[in-house]
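See structure below.
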Amino acid sequence: MKVRNPRTGKYDYELLEDNAVAVKKKADQIRKSQKEWQHLTIKERVAVLQLWLASFTKYQTEISEQLALDTARKRISQVETNGIIGLMQAWSYRAPQLYQPPAERPSASAATVQIGQQWIPYTLVGVISPWNFPLLLALIDTIPALLAGCGVLLKPSEVTPRFMDGLEKSIAEIPQLAGVLQLVRGGAEAGKAVVNSSDAICFTGSVPTGKKIGAACAERFIPAFLELGGKDPAIVLADADLEVATDAILRSCVGATGQACQSLERIYVDEKIYDEFVDQITIKAKAVTLTINPEKGQMGPLIFEKQAEKIQDHIDEAVAKGARVLAGGKVENIKGGLWCAPTVLVDVDHSMAVMVEETFGPIIPIMSFQTEHQALEWANDSIFGLSASVFSKNKEKAIDIATKIEAGAISINDGSLTNKVFDAEKNSFKESGINGSRMGDAGFLRFFRKKALLIQTAHPDTMAAFEEYQS
């Protein structure tokens with residue numbers, strides 16, 4: 001498969017795709033090794049992870065440079081690799097605390113029965129991850145699954161695959177880990193093979209693909225942990241600090257070029273402060289610098305050319321329906337890369353795709369509201385329910401609004417805090433996802449099935465218990 005460099009537009013990397021036979025062979029190898037891996041103590045698995053941490057650190061610069069080529073983001077690539085080190089350290093500390101199958105106890109419903117319990121990890125977890133944060137979203141599920149005792153078959157996106165070369169080197173240096181963690185290269189067909197070879201699936205990506213994977217998993221009777229798209233709203237109340245609100249919303253909308261599922265994508269501002277808010281955020285949006293020189297600037301090119309087409313379509317459709325562009329507004333080809341400056345749109349409404357469909361780009365569409373009830377109606381008028389934001393100087397008022405938003409995590413007086421806070425469990429609402437959270441303790445505990453051991457301590461019932469006539 002030919003892979004495009006997002007900065008130059010050139011196809012300068014080749015990815016050799018694993019076919020279904022190759023994927024099954026890797027899955028079979030993992031299943032053999034997982035039997036021993038599962039029966040290690042949690043502390044022994046942590047010790048192996050610590051060896052991987054040392055190996056990963058050795059290759060960190062190489063992996064970061066490969067990520068930077070994949071995504072045209074130097075600083076964020078460094079943040080990603082540092083984040084993985086943090087995740088390994090955090091789960092190495094927390095997983096042993098969480099792995100505490102309950103002690104044997106008497107049953108509350110059957111007096112003569114004792115209850116024991118086992119926690120059984122899924123033998124093989126398939127992880128399919130997206131292109132926007134290639135390393136982080138590949139390993140955010142992989143690390144806790146491994147510590148739970150699962151084997152992992154990991155297929156990162158074919159759009160941003162270069163980092164797998166360095167990552168695979170770090171894995172290969174730890175034979176015990178390499179037995180239970182293998183990478184799969186390729187696109188949709190390789191992904192299907194992963195689904196068909198696994199006992200549970202973790203998928204991060206679009207709603208349409210997530211629905212297909214969910215249906216395939218249902219057909220196979222295996223769980224699917226789906227973290228899908230978002231169309232995150234922000235509600236800016238009349239008493240909000242405009243400096244705080246405009247800074248946070250701009251960063252959340254256009255940081256990482258808006259290519260994050262938890263980016264804010266639609267902004268609702270009280271009409272009393274609407275004009276001032278629009279003026280401030282437009283000035284700040286125009287001041288954002290592009291990394292055309294890769295050593296300078298704040299915002300890189302768009303990674304995926306198909307997404308660039310969608311972004312332009314959303315802008316054009318909104319303008320055709322009466323929206324006005326106050327900043328940006330055009331996807332441009334600069335030296336082969338596809339660039340979109342922060343785009344502020346006003347006079348928008350929910351008849352426009354830019355307000356209801358996931359755009360996944362640096363777009364800031366803004367509507368004014370008259371009442372908080374109206375703002376909440378608009379915020380909840382969506383098939384998505386990933387996350388959201390509320391801005392107000394009154395903490396109690398902000399929390400009251402936040403409790404009424406139909407989404408899994410609400411940032412108050414900031415945006416996209418779920419990309420910093422990993423220890424708060426949350427669930428995706430509506431079509432933004434389904435099943436156990438990857439955040440908080442659930443990120444580890446969801447990889448276990450609970451087995452009950454029911455121990456009779458007295459003589460068991462006989463057939464006399466079914467006698468129709470009881471004296």
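Residues are referred to by chain and number: the chain letter is A, B, ... according to the order shown in the structure tokens, the number counts from 1 in that chain, and ligands are numbered separately from 1 in the order shown.
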
Considering only C-alpha atoms, give me a table of residues in stretch 133-165 of chain A that are at most 12 Å from stretch 252-268 of chain A, with the closest atom pair and distance in Å for each, as a tab-separated table.
```
residue	atom	partner	partner_atom	distance
A:Phe133	CA	A:Ala260	CA	7.9
A:Pro134	CA	A:Ala260	CA	11.3
A:Leu136	CA	A:Ala260	CA	12.0
A:Leu137	CA	A:Ala260	CA	10.9
```

Could you write out, as a list in words, all the residues of stretch 380-427 of chain A that DSSP marks as strand (DSSP E or B)? Phe384, Gly385, Ser387, Ala388, Ser389, Val390, Phe391, Ala409, Ile410, Ser411 and Ile412 of chain A

Please, which residues in stretch 318-374 of chain A fall within 8 Å of stretch 4-27 of chain A when counting only C-alpha atoms, and what is the closest atom pair and distance in Å to one decimal for each, ordered by chain then residue number, as a tab-separated table?
```
residue	atom	partner	partner_atom	distance
A:Lys335	CA	A:Thr8	CA	6.0
A:Gly336	CA	A:Gly9	CA	4.4
A:Gly337	CA	A:Arg7	CA	4.5
A:Leu338	CA	A:Pro6	CA	7.2
```

Suppose we keep N, CA, C and O atoms; can you now write the selection as a CSV table (one decimal), in the first residue's frame?
```csv
chain,number,residue,atom,x,y,z
A,335,LYS,N,2.8,23.5,-1.3
A,335,LYS,CA,3.9,22.6,-1.4
A,335,LYS,C,3.5,21.2,-1.3
A,335,LYS,O,4.2,20.3,-0.8
A,336,GLY,N,2.3,20.8,-1.8
A,336,GLY,CA,1.8,19.5,-1.8
A,336,GLY,C,1.0,19.1,-0.5
A,336,GLY,O,0.2,18.2,-0.6
A,337,GLY,N,1.1,19.9,0.5
A,337,GLY,CA,0.3,19.6,1.7
A,337,GLY,C,-1.0,20.3,1.7
A,337,GLY,O,-1.2,21.3,0.9
A,338,LEU,N,-2.0,19.8,2.4
A,338,LEU,CA,-3.3,20.4,2.4
A,338,LEU,C,-3.5,21.2,3.7
A,338,LEU,O,-3.5,20.6,4.8
```

Fewer than 4 positions away in the same chain doesn't count, so skip those; otherwise give me all residues within 12 Å of A:Gly151, counting only C-alpha atoms, as a PyMOL selection string. chain A and resi 26-38+45+121-127+141-147+176-183+197-201+447
